[in-house]
Structure formats: C-alpha cells, structure tokens
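Beneath this line is the structure, given in structure tokens, with notes to follow.
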2 protein chains.
Amino acid sequence: MDYVGTALAEMTMPQISPLAGEPIERADAERLAGVLKALADPARLRLLSLIQSAPEGEACVCDLTAPLGLSQPTVSHHLRILTEAGLLEREKRGVWAYYRLVPTAIATIADLLTPPRKRATKKAR
Amino acid sequence: MDYVGTALAEMTMPQISPLAGEPIERADAERLAGVLKALADPARLRLLSLIQSAPEGEACVCDLTAPLGLSQPTVSHHLRILTEAGLLEREKRGVWAYYRLVPTAIATIADLLTPPRKRATKKAR
DNA sequence: GGCCGATATGCAGGCAGGTCAATGCTCTTG
DNA sequence: CAAGAGCATTGACCTGCCTGCATATCGGCC
C-alpha cells in the first residue's frame, strides 16, 4: 500500500492543522494518525530508544534483535515501518544496514501535538 | 482487559524514561505505546480536536456524531478509549455526557517524546 | 408509573497488524 | 567462483481493533 512515507514532511508544512485551533481536517487527521501509529508500538519505541542511545547514534539490525527478544525478520519489519514513517533513515555500509534517527522528526510530532498555545481565533475563555 | 487507565499518570512521574537518555524499559515502552495507540486513530484525533475547539471546551456525544459521520455507539466507543487513556474526562449532567480534554495530558505526551536535548553521556560526535 | 431521549454495552463481521519460519538477495571473504 | 554472513521479503497464523446493529441503562417529563 501507499503508506505514509512523506506524511511527516507534509505535516511540517504550516498547512496542517495540529491539535490546536480549528477542528482538524479528515485528511490531516489520517496523516497524523498514520505517523502516530508507527510510534504506537512497544517494540518500535524501544528500537528508537536503542538506536538513539547507541554509540554513534546508529545501530544495525544485528545489534537490535537481542535486546528486543524478537526475530530478525520482525525487527527488520519494524525498522521498515519506522523508516517509511520518516522517523528513521537507513544507510547500507557493506553487509550491514545502519539506522539512525531522522534529526527533528520526533520533535516535529511533539510540536504538532503540543498545545493550542493561544492561537488567535480562540479567546482565553 | 486491564487497559491503560492510569498509564498517563504514571508516565508523568520522572521515573519513566522518555524517548531520551537511556534505552527505554519494556514496561515503560508498553505504557507509552498504550497511550499513543489511543491517539493513533483519525476518528479519535478529530474527536479531541472537535472537543478542544468547542464553545466551552466541552461537547456531548450528540454534538460529535454528525461531524465525524460515525454512529453514536462508535463515537461512544472512541470517547471511552480516550477517557481510559487519560486524555479526556467525562462529566454527566442530566441526560448528557460532557467530555473535555484533561488539561495537560497531551502536552505531557509531547514532552515525553520531545527531546534528546543533549543529555550528558552523549558527545556531539 | 410509564414513555422518550441520550449514552453505554454486547455481539459479530471484516480488516489491519505483529510475529515467525523459510527463502531470496547482496556484499564480503577465502 | 564458492561459501557464508547480514538483511529484506514472502507467506501464514493469530490477535486486536474499528464499525454498525441491536439492546440495555439512566435520567427527565407527562
């Protein structure tokens, strides 16, 4: 299927209404939900955490299967989902595939959720 | 099933490792994933958005079925999930059930995700 | 007390998602 | 070139989730 892919990129655009002012659009809700769905799994959260705290901020699949206690295909599957969601980037060096966090990806999601932060159209009640 | 429930509350405790420093714990990952899973649905994102942008910051089920285009039982179901995740609070006034956002709930999630923010053990490369 | 409107709950059908075993692919090494 | 290591992909199983229909529950009103 199409899968999110550029979803995160689109959401960094100001056009997407975050969980703030006006009621969110159908399409925007689906995009945001798509990325959140990539995050909403214990194995994937741990993968992000493991990669982020690895020596050089990067890790290959063989380093990740053991701490997760999952099979190699399953780990590959999760990494793929995270990559397609725009949260990880993959670099193949020799036989190994190194994954690292896309710099501001997660922070962007956090910003989208965060707060009304007093827009304009909304008065303080 | 048990369902998250107090999951968010537990995560506001400093004890939970966010997506930041050390590798995240299994149990913590499952709690965070539980709350994110509640968020990771287009209908529920729109519900939060609709409620948040409603006149008094609150809305009853009857106001929400139409804009979503979902049946009343389905909307009730989603509201239940959001409430059990600690994102909404329910107040019954007469025949109506009014839902409103739990003040800092979503912001808390955003904070948990947000920042590597340069811990200590990690050098700039 | 009985009726009606607003919600919640049970149940069932259909689809998406997590996991693993087996297999294919690619790059390295002998 | 042959063998092997590291990953990705496929297929299958099983679970969980979204949705609607039917029904139960609760509060107000005649």
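Identifiers for the structure tokens are assigned positionally: chains receive A, B, ... in sequence, residues are indexed from 1 per chain, and ligands are indexed from 1 in the order shown.
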
Would you write out, as CSV, a table of all residues in region 45-83 of chain B that have an atom no more than 9 Å from an atom of region 6-26 of chain D, listing for each the closest atom pair and the distance in Å to one decimal, considering only C-alpha atoms (C1' of nucleotides) and ordering rows by chain and rising residue number?
```
residue,atom,partner,partner_atom,distance
B:Leu70,CA,D:DT19,C1',8.4
B:Ser71,CA,D:DG20,C1',7.2
B:Pro73,CA,D:DG20,C1',8.1
B:Thr74,CA,D:DT19,C1',6.6
```

* Contact residues around Leu36 (chain B) with only C-alpha atoms (C1' of nucleotides) at 8 Å, ignoring same-chain residues under 6 positions, as a ChimeraX atom specification -> /A:36-37,39-40

Would you put the residues from that selection into a file with N, CA and C atoms, as a short mmCIF file (atom, residue, chain, number, x, y, z; two decimals), in the first residue's frame?
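Contents of part-v6.cif, freshly written:
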```cif
data_model
loop_
_atom_site.label_atom_id
_atom_site.label_comp_id
_atom_site.auth_asym_id
_atom_site.auth_seq_id
_atom_site.Cartn_x
_atom_site.Cartn_y
_atom_site.Cartn_z
N LEU A 36 1.57 8.51 14.06
CA LEU A 36 1.42 8.09 15.45
C LEU A 36 1.31 6.59 15.55
N LYS A 37 0.67 5.99 14.57
CA LYS A 37 0.52 4.54 14.57
C LYS A 37 1.87 3.85 14.45
N LEU A 39 4.49 5.02 15.76
CA LEU A 39 5.10 5.18 17.07
C LEU A 39 4.45 4.30 18.13
N ALA A 40 3.20 3.98 17.92
CA ALA A 40 2.40 3.36 18.98
C ALA A 40 2.61 1.86 19.09
#
```

* Could you please tell me, as a list of chain:residue names, which residues of chain C have an atom within 12 Å of chain A when using only C-alpha atoms (C1' of nucleotides)? =>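 Contact residues on the first chain: C:DA16, C:DG17, C:DG18, C:DT19, C:DC20, C:DA21, C:DA22, C:DT23, C:DC25, C:DT26, C:DC27, C:DT28, C:DT29.
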
Backbone DSSP call of strand (DSSP E) for region 20-104 of chain A, listed as a short mmCIF file (atom, residue, chain, number, x, y, z; two decimals) with C-alpha atoms, in the first residue's frame:
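What landed in result-v9.cif:
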```cif
data_model
loop_
_atom_site.label_atom_id
_atom_site.label_comp_id
_atom_site.auth_asym_id
_atom_site.auth_seq_id
_atom_site.Cartn_x
_atom_site.Cartn_y
_atom_site.Cartn_z
CA GLU A 58 23.31 4.47 14.89
CA ALA A 59 22.80 0.72 15.00
CA CYS A 60 22.48 -2.24 12.67
CA LEU A 88 14.48 6.62 10.75
CA GLU A 89 16.97 6.76 7.92
CA ARG A 90 18.85 3.78 6.58
CA GLU A 91 22.42 3.64 5.34
CA LYS A 92 23.89 0.46 3.94
CA ARG A 93 27.60 0.05 4.56
CA TRP A 96 25.35 -4.03 7.40
CA ALA A 97 22.40 -1.66 7.38
CA TYR A 98 22.80 1.20 9.80
CA TYR A 99 19.76 3.01 11.10
CA ARG A 100 19.71 6.41 12.75
CA LEU A 101 17.04 8.85 13.85
#
```

Write out as JSON lines a residue-level contact list of chain B versus chain A with cut-off 9 Å: for each qualifying residue the closest pair of atoms and the distance in Å to one decimal, counting only C-alpha atoms, rows sorted by chain and residue number upward.
```
{"residue": "B:Pro18", "atom": "CA", "partner": "A:Ser49", "partner_atom": "CA", "distance": 8.7}
{"residue": "B:Leu19", "atom": "CA", "partner": "A:Ser49", "partner_atom": "CA", "distance": 5.7}
{"residue": "B:Ala20", "atom": "CA", "partner": "A:Ser49", "partner_atom": "CA", "distance": 6.9}
{"residue": "B:Gly21", "atom": "CA", "partner": "A:Ser53", "partner_atom": "CA", "distance": 6.5}
{"residue": "B:Glu22", "atom": "CA", "partner": "A:Ser53", "partner_atom": "CA", "distance": 6.2}
{"residue": "B:Pro23", "atom": "CA", "partner": "A:Ser49", "partner_atom": "CA", "distance": 5.1}
{"residue": "B:Ile24", "atom": "CA", "partner": "A:Arg46", "partner_atom": "CA", "distance": 5.8}
{"residue": "B:Glu25", "atom": "CA", "partner": "A:Arg46", "partner_atom": "CA", "distance": 7.5}
{"residue": "B:Arg26", "atom": "CA", "partner": "A:Pro42", "partner_atom": "CA", "distance": 7.3}
{"residue": "B:Ala27", "atom": "CA", "partner": "A:Pro42", "partner_atom": "CA", "distance": 8.5}
{"residue": "B:Asp28", "atom": "CA", "partner": "A:Pro42", "partner_atom": "CA", "distance": 8.4}
{"residue": "B:Ala29", "atom": "CA", "partner": "A:Pro42", "partner_atom": "CA", "distance": 4.8}
{"residue": "B:Glu30", "atom": "CA", "partner": "A:Pro42", "partner_atom": "CA", "distance": 4.9}
{"residue": "B:Arg31", "atom": "CA", "partner": "A:Pro42", "partner_atom": "CA", "distance": 8.1}
{"residue": "B:Leu32", "atom": "CA", "partner": "A:Ala40", "partner_atom": "CA", "distance": 7.6}
{"residue": "B:Ala33", "atom": "CA", "partner": "A:Ala40", "partner_atom": "CA", "distance": 4.4}
{"residue": "B:Gly34", "atom": "CA", "partner": "A:Ala40", "partner_atom": "CA", "distance": 6.9}
{"residue": "B:Val35", "atom": "CA", "partner": "A:Ala40", "partner_atom": "CA", "distance": 7.7}
{"residue": "B:Leu36", "atom": "CA", "partner": "A:Ala40", "partner_atom": "CA", "distance": 4.9}
{"residue": "B:Lys37", "atom": "CA", "partner": "A:Ala40", "partner_atom": "CA", "distance": 4.9}
{"residue": "B:Ala38", "atom": "CA", "partner": "A:Ala40", "partner_atom": "CA", "distance": 8.5}
{"residue": "B:Leu39", "atom": "CA", "partner": "A:Leu36", "partner_atom": "CA", "distance": 7.1}
{"residue": "B:Ala40", "atom": "CA", "partner": "A:Ala33", "partner_atom": "CA", "distance": 4.4}
{"residue": "B:Asp41", "atom": "CA", "partner": "A:Ala33", "partner_atom": "CA", "distance": 5.0}
{"residue": "B:Pro42", "atom": "CA", "partner": "A:Ala29", "partner_atom": "CA", "distance": 4.8}
{"residue": "B:Ala43", "atom": "CA", "partner": "A:Ala29", "partner_atom": "CA", "distance": 7.6}
{"residue": "B:Arg44", "atom": "CA", "partner": "A:Ala29", "partner_atom": "CA", "distance": 8.7}
{"residue": "B:Leu45", "atom": "CA", "partner": "A:Ala29", "partner_atom": "CA", "distance": 6.1}
{"residue": "B:Arg46", "atom": "CA", "partner": "A:Ile24", "partner_atom": "CA", "distance": 5.8}
{"residue": "B:Leu47", "atom": "CA", "partner": "A:Pro23", "partner_atom": "CA", "distance": 8.7}
{"residue": "B:Leu48", "atom": "CA", "partner": "A:Leu19", "partner_atom": "CA", "distance": 7.6}
{"residue": "B:Ser49", "atom": "CA", "partner": "A:Pro23", "partner_atom": "CA", "distance": 5.1}
{"residue": "B:Leu50", "atom": "CA", "partner": "A:Pro23", "partner_atom": "CA", "distance": 5.2}
{"residue": "B:Ile51", "atom": "CA", "partner": "A:Pro23", "partner_atom": "CA", "distance": 8.5}
{"residue": "B:Gln52", "atom": "CA", "partner": "A:Ala20", "partner_atom": "CA", "distance": 7.7}
{"residue": "B:Ser53", "atom": "CA", "partner": "A:Glu22", "partner_atom": "CA", "distance": 6.2}
{"residue": "B:Ala54", "atom": "CA", "partner": "A:Pro23", "partner_atom": "CA", "distance": 8.7}
{"residue": "B:Pro55", "atom": "CA", "partner": "A:Arg125", "partner_atom": "CA", "distance": 8.7}
{"residue": "B:Glu56", "atom": "CA", "partner": "A:Arg125", "partner_atom": "CA", "distance": 7.2}
{"residue": "B:Gly57", "atom": "CA", "partner": "A:Arg125", "partner_atom": "CA", "distance": 8.6}
{"residue": "B:Leu68", "atom": "CA", "partner": "A:Arg26", "partner_atom": "CA", "distance": 8.8}
{"residue": "B:Thr104", "atom": "CA", "partner": "A:Pro115", "partner_atom": "CA", "distance": 8.8}
{"residue": "B:Ile106", "atom": "CA", "partner": "A:Thr114", "partner_atom": "CA", "distance": 6.5}
{"residue": "B:Ala107", "atom": "CA", "partner": "A:Thr114", "partner_atom": "CA", "distance": 4.9}
{"residue": "B:Thr108", "atom": "CA", "partner": "A:Thr114", "partner_atom": "CA", "distance": 8.3}
{"residue": "B:Ile109", "atom": "CA", "partner": "A:Ala110", "partner_atom": "CA", "distance": 7.8}
{"residue": "B:Ala110", "atom": "CA", "partner": "A:Ala110", "partner_atom": "CA", "distance": 4.4}
{"residue": "B:Asp111", "atom": "CA", "partner": "A:Ala110", "partner_atom": "CA", "distance": 7.1}
{"residue": "B:Leu112", "atom": "CA", "partner": "A:Ala110", "partner_atom": "CA", "distance": 8.6}
{"residue": "B:Leu113", "atom": "CA", "partner": "A:Ala110", "partner_atom": "CA", "distance": 6.3}
{"residue": "B:Thr114", "atom": "CA", "partner": "A:Ala107", "partner_atom": "CA", "distance": 4.9}
{"residue": "B:Pro115", "atom": "CA", "partner": "A:Ala107", "partner_atom": "CA", "distance": 6.7}
{"residue": "B:Pro116", "atom": "CA", "partner": "A:Gln52", "partner_atom": "CA", "distance": 8.3}
{"residue": "B:Lys122", "atom": "CA", "partner": "A:Ser53", "partner_atom": "CA", "distance": 8.0}
{"residue": "B:Arg125", "atom": "CA", "partner": "A:Glu56", "partner_atom": "CA", "distance": 7.1}
```

* For CA of Val61 (chain A) and CA of Glu84 (chain A), quote the distance in Å rounded to one decimal. =>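 Distance between the two atoms: 16.3 Å.
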
* Asked: Suppose you want the space between C1' of DG27 (chain D) and C1' of DA6 (chain C); what is it in Å?
  ->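 Taking C1' of DG27 (chain D) as the start and C1' of DA6 (chain C) as the end point, the length is 9.0 Å.
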
* Asked: With only C-alpha atoms (C1' of nucleotides) as the basis for distance, which of A:Gly69, A:Pro103, A:Gly86, A:Arg80 is at the shortest distance from chain D?
  ->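 The closest residue to chain D is A:Arg80.
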
* Mind giving me the straight-line distance from C1' of DA5 (chain D) to CA of Leu79 (chain A) in Å, one decimal? =>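 It comes out at 19.9 Å.
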